[in-house]
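Student: Provided below: protein.csv, containing CSV, C-alpha atoms.
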chain,number,residue,atom,x,y,z
A,1,MET,CA,-16.3,0.2,-2.8
A,2,GLU,CA,-17.4,-3.1,-4.1
A,3,ASN,CA,-15.1,-4.8,-1.5
A,4,TRP,CA,-16.8,-3.0,1.5
A,5,GLU,CA,-18.6,-6.0,2.9
A,6,SER,CA,-15.7,-8.4,2.3
A,7,TYR,CA,-13.0,-6.2,3.9
A,8,LYS,CA,-10.9,-8.5,6.2
A,9,PRO,CA,-7.9,-6.8,7.6
A,10,ASN,CA,-5.0,-8.4,9.5
A,11,PRO,CA,-5.7,-8.9,13.2
A,12,ILE,CA,-2.9,-6.6,14.2
A,13,VAL,CA,-4.3,-3.9,12.0
A,14,SER,CA,-7.8,-4.4,13.5
A,15,ARG,CA,-6.4,-4.1,17.0
A,16,GLU,CA,-4.6,-0.8,16.3
A,17,VAL,CA,-7.4,0.7,14.3
A,18,LYS,CA,-10.0,-0.2,16.9
A,19,GLU,CA,-8.1,1.9,19.5
A,20,LEU,CA,-7.6,4.8,17.2
A,21,ALA,CA,-11.3,4.8,16.1
A,22,MET,CA,-12.3,5.9,19.6
A,23,THR,CA,-10.6,9.3,19.4
A,24,GLU,CA,-12.9,12.2,19.9
A,25,GLY,CA,-10.8,14.3,17.5
A,26,LEU,CA,-10.6,14.3,13.7
A,27,ILE,CA,-9.3,11.4,11.7
A,28,LEU,CA,-7.8,12.2,8.3
A,29,GLU,CA,-7.6,9.4,5.8
A,30,ILE,CA,-5.1,10.4,3.1
A,31,GLY,CA,-5.2,9.0,-0.5
A,32,VAL,CA,-8.4,7.1,0.3
A,33,GLY,CA,-8.7,5.9,-3.4
A,34,PRO,CA,-11.3,3.3,-4.4
A,35,GLY,CA,-10.1,0.9,-1.7
A,36,GLY,CA,-11.0,3.1,1.2
A,37,GLY,CA,-7.8,2.7,3.3
A,38,TYR,CA,-8.7,2.1,6.9
A,39,VAL,CA,-12.1,3.9,6.7
A,40,PRO,CA,-14.1,0.6,6.7
A,41,GLU,CA,-12.4,-0.4,10.0
A,42,PHE,CA,-12.8,2.9,11.7
A,43,LEU,CA,-16.6,3.0,11.0
A,44,ARG,CA,-16.9,-0.7,12.0
A,45,TYR,CA,-15.6,0.1,15.4
A,46,ASN,CA,-17.0,3.6,15.8
A,47,PRO,CA,-19.9,4.5,13.4
A,48,SER,CA,-19.7,8.0,14.8
A,49,ALA,CA,-16.0,8.5,14.1
A,50,ARG,CA,-15.3,12.0,12.7
A,51,ILE,CA,-13.4,11.2,9.5
A,52,ILE,CA,-12.2,13.3,6.6
A,53,LEU,CA,-11.8,11.2,3.5
A,54,SER,CA,-9.2,12.9,1.2
A,55,ASP,CA,-7.8,12.1,-2.2
A,56,LEU,CA,-6.4,14.0,-5.2
A,57,SER,CA,-9.4,12.9,-7.3
A,58,PRO,CA,-12.7,14.7,-6.7
A,59,THR,CA,-14.4,11.9,-8.7
A,60,VAL,CA,-13.2,9.2,-6.2
A,61,LEU,CA,-14.5,11.4,-3.3
A,62,ARG,CA,-17.9,11.9,-5.0
A,63,GLU,CA,-18.3,8.2,-5.4
A,64,TRP,CA,-17.4,7.6,-1.7
A,65,LYS,CA,-19.9,10.3,-0.7
A,66,HIS,CA,-22.6,8.7,-2.8
A,67,PHE,CA,-21.9,5.3,-1.3
A,68,LEU,CA,-21.3,6.2,2.3
A,69,GLU,CA,-23.9,8.9,2.6
A,70,GLY,CA,-26.5,7.8,0.1
A,71,THR,CA,-26.3,4.0,0.5
A,72,LEU,CA,-25.0,3.4,4.0
A,73,GLY,CA,-26.4,6.6,5.7
A,74,TYR,CA,-23.1,8.0,7.1
A,75,THR,CA,-24.1,11.6,6.8
A,76,HIS,CA,-21.5,13.1,9.2
A,77,LEU,CA,-18.4,12.3,7.2
A,78,LEU,CA,-16.3,15.0,5.4
A,79,TYR,CA,-14.6,14.9,2.0
A,80,ALA,CA,-11.6,16.9,0.8
A,81,ALA,CA,-9.8,16.9,-2.5
A,82,LEU,CA,-6.2,17.7,-1.6
A,83,ASN,CA,-2.6,16.9,-2.1
A,84,HIS,CA,-1.2,15.3,1.1
A,85,CYS,CA,2.1,16.9,0.5
A,86,HIS,CA,0.4,20.3,1.2
A,87,LEU,CA,-2.3,19.7,3.7
A,88,PRO,CA,-4.7,22.7,4.1
A,89,PHE,CA,-5.0,22.4,7.9
A,90,VAL,CA,-3.6,24.4,10.7
A,91,ASP,CA,-0.8,23.0,12.9
A,92,GLY,CA,-2.0,20.5,15.5
A,93,SER,CA,-5.6,20.2,14.3
A,94,ILE,CA,-5.8,16.5,13.5
A,95,SER,CA,-5.9,13.7,16.1
A,96,VAL,CA,-5.2,10.7,13.7
A,97,VAL,CA,-3.8,10.6,10.2
A,98,SER,CA,-4.6,7.3,8.5
A,99,ASP,CA,-2.6,6.0,5.5
A,100,GLY,CA,-3.9,2.8,4.0
A,101,GLY,CA,-1.9,3.2,0.9
A,102,GLY,CA,-1.9,7.0,0.1
A,103,LEU,CA,1.9,7.5,0.8
A,104,ASN,CA,2.7,4.7,-1.7
A,105,ASN,CA,0.8,6.7,-4.3
A,106,THR,CA,2.3,10.1,-3.7
A,107,ILE,CA,2.2,11.9,-7.0
A,108,LEU,CA,2.5,15.7,-6.5
A,109,GLY,CA,5.6,15.8,-4.3
A,110,THR,CA,7.5,13.2,-2.3
A,111,ARG,CA,6.7,10.9,0.5
A,112,GLN,CA,9.2,12.7,2.6
A,113,GLU,CA,7.3,16.0,2.1
A,114,ALA,CA,4.1,14.2,3.0
A,115,VAL,CA,5.5,12.8,6.3
A,116,LYS,CA,6.6,16.4,7.3
A,117,GLU,CA,3.1,17.7,6.6
A,118,ILE,CA,1.4,14.9,8.5
A,119,TYR,CA,3.6,15.6,11.5
A,120,ARG,CA,2.8,19.3,11.3
A,121,VAL,CA,-1.0,18.9,11.3
A,122,LEU,CA,-1.1,16.3,14.0
A,123,GLU,CA,-1.8,17.4,17.6
A,124,THR,CA,0.7,16.7,20.3
A,125,GLY,CA,0.2,13.0,21.1
A,126,GLY,CA,-1.6,12.5,17.8
A,127,LYS,CA,-0.9,9.4,15.8
A,128,LEU,CA,-0.1,8.3,12.2
A,129,ILE,CA,-1.2,4.8,11.2
A,130,THR,CA,0.5,3.8,8.0
A,131,GLY,CA,0.7,0.6,6.0
A,132,LEU,CA,3.7,0.1,3.8
A,133,ALA,CA,4.9,-2.5,1.3
A,134,TYR,CA,8.6,-2.6,0.4
A,135,ILE,CA,11.4,-4.9,-0.9
A,136,SER,CA,13.6,-5.9,2.0
A,137,LYS,CA,17.4,-5.9,1.9
A,138,ALA,CA,17.4,-9.7,1.8
A,139,GLU,CA,14.9,-9.8,-1.0
A,140,GLU,CA,16.8,-7.2,-2.9
A,141,GLU,CA,20.0,-9.3,-3.0
A,142,THR,CA,18.1,-12.1,-4.7
A,143,LEU,CA,17.0,-10.0,-7.7
A,144,PRO,CA,18.9,-9.7,-11.0
A,145,ARG,CA,21.3,-6.8,-10.9
A,146,GLU,CA,19.8,-5.2,-14.0
A,147,LEU,CA,16.3,-5.4,-12.4
A,148,ARG,CA,17.6,-3.9,-9.2
A,149,ASP,CA,19.2,-1.0,-11.0
A,150,ARG,CA,16.0,-0.3,-13.0
A,151,LEU,CA,13.9,-0.4,-9.8
A,152,LYS,CA,16.1,2.1,-8.0
A,153,ASP,CA,15.9,4.4,-11.0
A,154,GLU,CA,12.3,4.0,-11.9
A,155,MET,CA,10.5,2.9,-8.7
A,156,PRO,CA,12.8,3.9,-5.8
A,157,TRP,CA,9.8,3.8,-3.4
A,158,VAL,CA,9.7,0.0,-3.4
A,159,PHE,CA,12.9,0.0,-1.2
A,160,GLU,CA,11.7,2.8,1.2
A,161,THR,CA,10.6,1.9,4.7
A,162,LEU,CA,10.2,5.6,5.7
A,163,TYR,CA,11.7,4.9,9.1
A,164,ASP,CA,14.4,7.6,8.8
A,165,GLU,CA,11.9,10.1,7.4
A,166,LEU,CA,9.5,9.5,10.3
A,167,THR,CA,12.2,10.0,12.9
A,168,THR,CA,13.6,13.0,11.1
A,169,ALA,CA,10.1,14.6,11.0
A,170,GLY,CA,10.0,14.3,14.8
A,171,PHE,CA,7.8,11.3,15.7
A,172,LYS,CA,8.9,10.3,19.2
A,173,GLN,CA,7.5,6.8,19.2
A,174,ILE,CA,7.3,4.4,16.3
A,175,LYS,CA,5.8,0.9,16.7
A,176,THR,CA,6.4,-1.4,13.7
A,177,TYR,CA,4.6,-4.7,12.9
A,178,VAL,CA,5.3,-7.0,10.0
A,179,THR,CA,1.8,-8.0,8.9
A,180,GLY,CA,2.6,-10.3,6.0
A,181,GLY,CA,3.6,-9.7,2.4
A,182,TRP,CA,2.7,-10.3,-1.2
A,183,ASP,CA,4.4,-11.1,-4.4
A,184,THR,CA,4.1,-10.2,-8.1
A,185,THR,CA,3.2,-13.7,-9.4
A,186,ASP,CA,-0.4,-12.9,-10.2
A,187,ASP,CA,-0.3,-9.2,-9.6
A,188,GLU,CA,-1.4,-6.7,-12.3
A,189,SER,CA,0.9,-3.7,-11.9
A,190,GLU,CA,3.9,-2.0,-13.4
A,191,LEU,CA,6.1,-3.6,-10.8
A,192,ALA,CA,4.8,-7.1,-11.6
A,193,ASP,CA,5.2,-6.5,-15.4
A,194,LEU,CA,8.8,-5.5,-14.8
A,195,ALA,CA,9.4,-8.6,-12.7
A,196,ARG,CA,7.9,-10.8,-15.4
A,197,TYR,CA,10.1,-9.1,-18.0
A,198,TYR,CA,13.1,-10.4,-16.1
A,199,HIS,CA,11.5,-13.8,-15.6
A,200,THR,CA,11.5,-13.5,-11.8
A,201,ASN,CA,9.1,-12.9,-8.9
A,202,ILE,CA,9.4,-10.1,-6.4
A,203,HIS,CA,8.3,-10.5,-2.8
A,204,LEU,CA,7.3,-7.4,-0.8
A,205,THR,CA,7.1,-7.2,2.9
A,206,ALA,CA,3.9,-5.6,4.4
A,207,SER,CA,4.3,-3.7,7.6
A,208,LEU,CA,2.2,-1.5,9.8
A,209,ARG,CA,3.5,1.5,11.7
A,210,ILE,CA,1.9,3.5,14.5
A,211,CYS,CA,3.8,6.8,15.0
A,212,THR,CA,3.1,9.1,17.9
A,213,LYS,CA,3.9,12.9,17.8
Could you write out this file's structure as structure tokens?
Tutor:
Amino acid sequence: MENWESYKPNPIVSREVKELAMTEGLILEIGVGPGGGYVPEFLRYNPSARIILSDLSPTVLREWKHFLEGTLGYTHLLYAALNHCHLPFVDGSISVVSDGGGLNNTILGTRQEAVKEIYRVLETGGKLITGLAYISKAEEETLPRELRDRLKDEMPWVFETLYDELTTAGFKQIKTYVTGGWDTTDDESELADLARYYHTNIHLTASLRICTK
């Protein structure tokens, strides 16, 4: 929330979010977390956008409600504490599902289960916008074998691009953009700590996918 004013997304992200923000239907942001996902961009382009901010943590949602409603005056937004692997919405009731990092932080279930649920609740023609970070095949080959084995055992998600899961779920059109990347040099995370333990640096590819049901 403290980064609200300084939020500067990739130009590709801005272009895609701008188009999706104009939907007249519901937008569901999953795993909004303290970073807000794509909510800042949606409201930037369409202050009247009908958005449900969701997260596992009621505390996070209370903080967002206090900030967005009390400080910024967005009184029309909705908030839902939920597990995105079991969405409490009827089939075909959501126009856009927005994932600015929620899938990477799936805790109660798997990302594959979450993708199936997202597909179920989207209306026909509805879209999923998802940002992913992963270790590419080329980058994987540069890592020490012991580190690779540990990552595949302890953090398999870092190798997942979810493309197969998205097509299996039924998405008929998937647009993919490589938007950049980041590495673990100055990062403070479990992944970065593991990389430093093996005296190496891990580069992750950042991508954006727009998936149409």
Student: Do you have the atom CA of Ile174 of chain A-atom CA of Lys127 of chain A distance handy?
Tutor: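 Result for atom CA of Ile174 of chain A versus atom CA of Lys127 of chain A: 9.6 Å, one decimal.
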Student: Could you give me, as a ChimeraX atom specification, the residues that sit within 10 Å of (6.8, 18.7, 0.5) in the file's coordinates, counting all atoms listed in the file?
Tutor: /A:83-87,108-117
Student: Given the choices A:Glu29, A:Asp187, A:Glu165, A:Asp99, which gets closest to Val13 of chain A if the distance is worked out from all atoms listed in the file?
Tutor: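 Comparing A:Glu29, A:Asp187, A:Glu165, A:Asp99 against Val13 of chain A, the winner is A:Asp99.
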Student: List as a list in words the protein and nucleic acid residues near Asp186 of chain A, meaning an atom at most 12 Å away when all atoms listed in the file are counted, but skip any in the same chain fewer than 4 places from it.
Tutor: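 Contacts, in chain order: Trp182, Leu191, Ala192, Asp193, Ala195, Arg196, Asn201, Ile202 and His203 of chain A.
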Student: For Leu166 of chain A, which residue out of A:Gly37, A:Ile118, A:Ala21, A:Asn46 is the nearest one, using only C-alpha atoms?
Tutor: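 So, comparing all the options, the nearest one is A:Ile118.
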Student: Provide the atom CA of Glu41 of chain A to atom CA of Arg120 of chain A distance in Å, to one decimal place.
Tutor: 24.9 Å
Student: Just give me the gap between atom CA of Phe159 of chain A and atom CA of Ala133 of chain A in Å, one decimal is fine.
Tutor: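 Computed distance, atom CA of Phe159 of chain A to atom CA of Ala133 of chain A, equals 8.7 Å.
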Student: With all atoms listed in the file as the basis for distance, which of A:Pro58, A:Gly125, A:Gly100, A:Gly170 is at the shortest distance from Pro40 of chain A?
Tutor: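 Nearest candidate to Pro40 of chain A out of A:Pro58, A:Gly125, A:Gly100, A:Gly170: A:Gly100.
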Student: Restricting the calculation to only C-alpha atoms: of A:Lys213, A:Arg145, A:Arg150, A:Lys65, which residue gets closest to Tyr79 of chain A?
Tutor: A:Lys65
Student: From the list A:Leu20, A:Tyr134, A:Gly33, A:Thr200, which residue is nearest Glu63 of chain A when using all atoms listed in the file?
Tutor: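 Using all atoms listed in the file, Glu63 of chain A sits closest to A:Gly33.
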Student: Step by step: start from the point (3.8, 8.9, 17.7) in the file's coordinates, keep every protein, DNA or RNA residue that has an atom no farther than 12 Å from it, count all atoms listed in the file, and write the set as a list in words.
Tutor: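 Those residues, ordered by chain and then number, are Ser95, Val96, Val97, Ile118, Tyr119, Leu122, Glu123, Thr124, Gly125, Gly126, Lys127, Leu128, Ile129, Thr130, Leu166, Thr167, Ala169, Gly170, Phe171, Lys172, Gln173, Ile174, Lys175, Thr176, Arg209, Ile210, Cys211, Thr212 and Lys213 of chain A.
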Student: Compare A:Pro156, A:Pro144, A:Gly73, A:Pro47 by their minimum atom-to-atom distance to Asn104 of chain A, counting all atoms listed in the file, and give me the closest one.
Tutor: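 Of the candidates, the smallest distance to Asn104 of chain A is held by A:Pro156.
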Student: Got a sec: who's within 9 Å of Val32 of chain A, counting all atoms listed in the file, leaving out chain neighbours fewer than 5 positions off, as a PyMOL selection string?
Tutor: chain A and resi 37-39+53-55+60-61+99-102
Student: Edge lengths and centre in Å to one decimal, as lines of an AutoDock Vina configuration file, is what I'm after for the box along x, y and z that holds all listed atoms of segment 11-28 of chain A once 8 Å is added on each side.
Tutor:
center_x = -7.9
center_y = 2.7
center_z = 14.1
size_x = 26.0
size_y = 39.2
size_z = 27.6
Student: Could you add N, CA and C atoms to segment 31-50 of chain A and give me the result as a PDB file, keeping the file's coordinate frame?
Tutor:
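Heads up, here's the output in out.pdb:
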ATOM      1  N   GLY A  31      -5.264   9.894   0.690  1.00  0.00           N
ATOM      2  CA  GLY A  31      -5.200   9.000  -0.500  1.00  0.00           C
ATOM      3  C   GLY A  31      -6.188   7.857  -0.355  1.00  0.00           C
ATOM      4  N   VAL A  32      -7.444   8.145  -0.033  1.00  0.00           N
ATOM      5  CA  VAL A  32      -8.400   7.100   0.300  1.00  0.00           C
ATOM      6  C   VAL A  32      -8.596   6.141  -0.925  1.00  0.00           C
ATOM      7  N   GLY A  33      -8.548   6.695  -2.165  1.00  0.00           N
ATOM      8  CA  GLY A  33      -8.700   5.900  -3.400  1.00  0.00           C
ATOM      9  C   GLY A  33      -9.926   5.021  -3.373  1.00  0.00           C
ATOM     10  N   PRO A  34     -10.067   4.137  -4.351  1.00  0.00           N
ATOM     11  CA  PRO A  34     -11.300   3.300  -4.400  1.00  0.00           C
ATOM     12  C   PRO A  34     -11.279   2.199  -3.359  1.00  0.00           C
ATOM     13  N   GLY A  35     -10.119   1.939  -2.715  1.00  0.00           N
ATOM     14  CA  GLY A  35     -10.100   0.900  -1.700  1.00  0.00           C
ATOM     15  C   GLY A  35     -10.539   1.306  -0.326  1.00  0.00           C
ATOM     16  N   GLY A  36     -10.505   2.603  -0.043  1.00  0.00           N
ATOM     17  CA  GLY A  36     -11.000   3.100   1.200  1.00  0.00           C
ATOM     18  C   GLY A  36     -10.048   3.156   2.382  1.00  0.00           C
ATOM     19  N   GLY A  37      -8.815   2.692   2.179  1.00  0.00           N
ATOM     20  CA  GLY A  37      -7.800   2.700   3.300  1.00  0.00           C
ATOM     21  C   GLY A  37      -8.355   2.020   4.501  1.00  0.00           C
ATOM     22  N   TYR A  38      -8.263   2.720   5.650  1.00  0.00           N
ATOM     23  CA  TYR A  38      -8.700   2.100   6.900  1.00  0.00           C
ATOM     24  C   TYR A  38     -10.122   2.616   7.305  1.00  0.00           C
ATOM     25  N   VAL A  39     -10.781   3.350   6.425  1.00  0.00           N
ATOM     26  CA  VAL A  39     -12.100   3.900   6.700  1.00  0.00           C
ATOM     27  C   VAL A  39     -13.116   2.783   7.095  1.00  0.00           C
ATOM     28  N   PRO A  40     -13.176   1.657   6.359  1.00  0.00           N
ATOM     29  CA  PRO A  40     -14.100   0.600   6.700  1.00  0.00           C
ATOM     30  C   PRO A  40     -13.956   0.147   8.188  1.00  0.00           C
ATOM     31  N   GLU A  41     -12.692   0.015   8.623  1.00  0.00           N
ATOM     32  CA  GLU A  41     -12.400  -0.400  10.000  1.00  0.00           C
ATOM     33  C   GLU A  41     -12.792   0.630  11.013  1.00  0.00           C
ATOM     34  N   PHE A  42     -12.482   1.881  10.732  1.00  0.00           N
ATOM     35  CA  PHE A  42     -12.800   2.900  11.700  1.00  0.00           C
ATOM     36  C   PHE A  42     -14.346   2.971  11.908  1.00  0.00           C
ATOM     37  N   LEU A  43     -15.115   2.889  10.835  1.00  0.00           N
ATOM     38  CA  LEU A  43     -16.600   3.000  11.000  1.00  0.00           C
ATOM     39  C   LEU A  43     -17.148   1.672  11.549  1.00  0.00           C
ATOM     40  N   ARG A  44     -16.471   0.573  11.347  1.00  0.00           N
ATOM     41  CA  ARG A  44     -16.900  -0.700  12.000  1.00  0.00           C
ATOM     42  C   ARG A  44     -16.871  -0.597  13.473  1.00  0.00           C
ATOM     43  N   TYR A  45     -15.785  -0.008  13.999  1.00  0.00           N
ATOM     44  CA  TYR A  45     -15.600   0.100  15.400  1.00  0.00           C
ATOM     45  C   TYR A  45     -16.275   1.293  16.053  1.00  0.00           C
ATOM     46  N   ASN A  46     -16.402   2.350  15.275  1.00  0.00           N
ATOM     47  CA  ASN A  46     -17.000   3.600  15.800  1.00  0.00           C
ATOM     48  C   ASN A  46     -17.797   4.255  14.662  1.00  0.00           C
ATOM     49  N   PRO A  47     -19.065   3.908  14.498  1.00  0.00           N
ATOM     50  CA  PRO A  47     -19.900   4.500  13.400  1.00  0.00           C
ATOM     51  C   PRO A  47     -19.984   6.008  13.482  1.00  0.00           C
ATOM     52  N   SER A  48     -19.669   6.587  14.647  1.00  0.00           N
ATOM     53  CA  SER A  48     -19.700   8.000  14.800  1.00  0.00           C
ATOM     54  C   SER A  48     -18.387   8.728  14.635  1.00  0.00           C
ATOM     55  N   ALA A  49     -17.366   7.978  14.255  1.00  0.00           N
ATOM     56  CA  ALA A  49     -16.000   8.500  14.100  1.00  0.00           C
ATOM     57  C   ALA A  49     -16.053   9.742  13.154  1.00  0.00           C
ATOM     58  N   ARG A  50     -15.319  10.790  13.532  1.00  0.00           N
ATOM     59  CA  ARG A  50     -15.300  12.000  12.700  1.00  0.00           C
ATOM     60  C   ARG A  50     -14.099  11.868  11.731  1.00  0.00           C
TER      61      ARG A  50
END
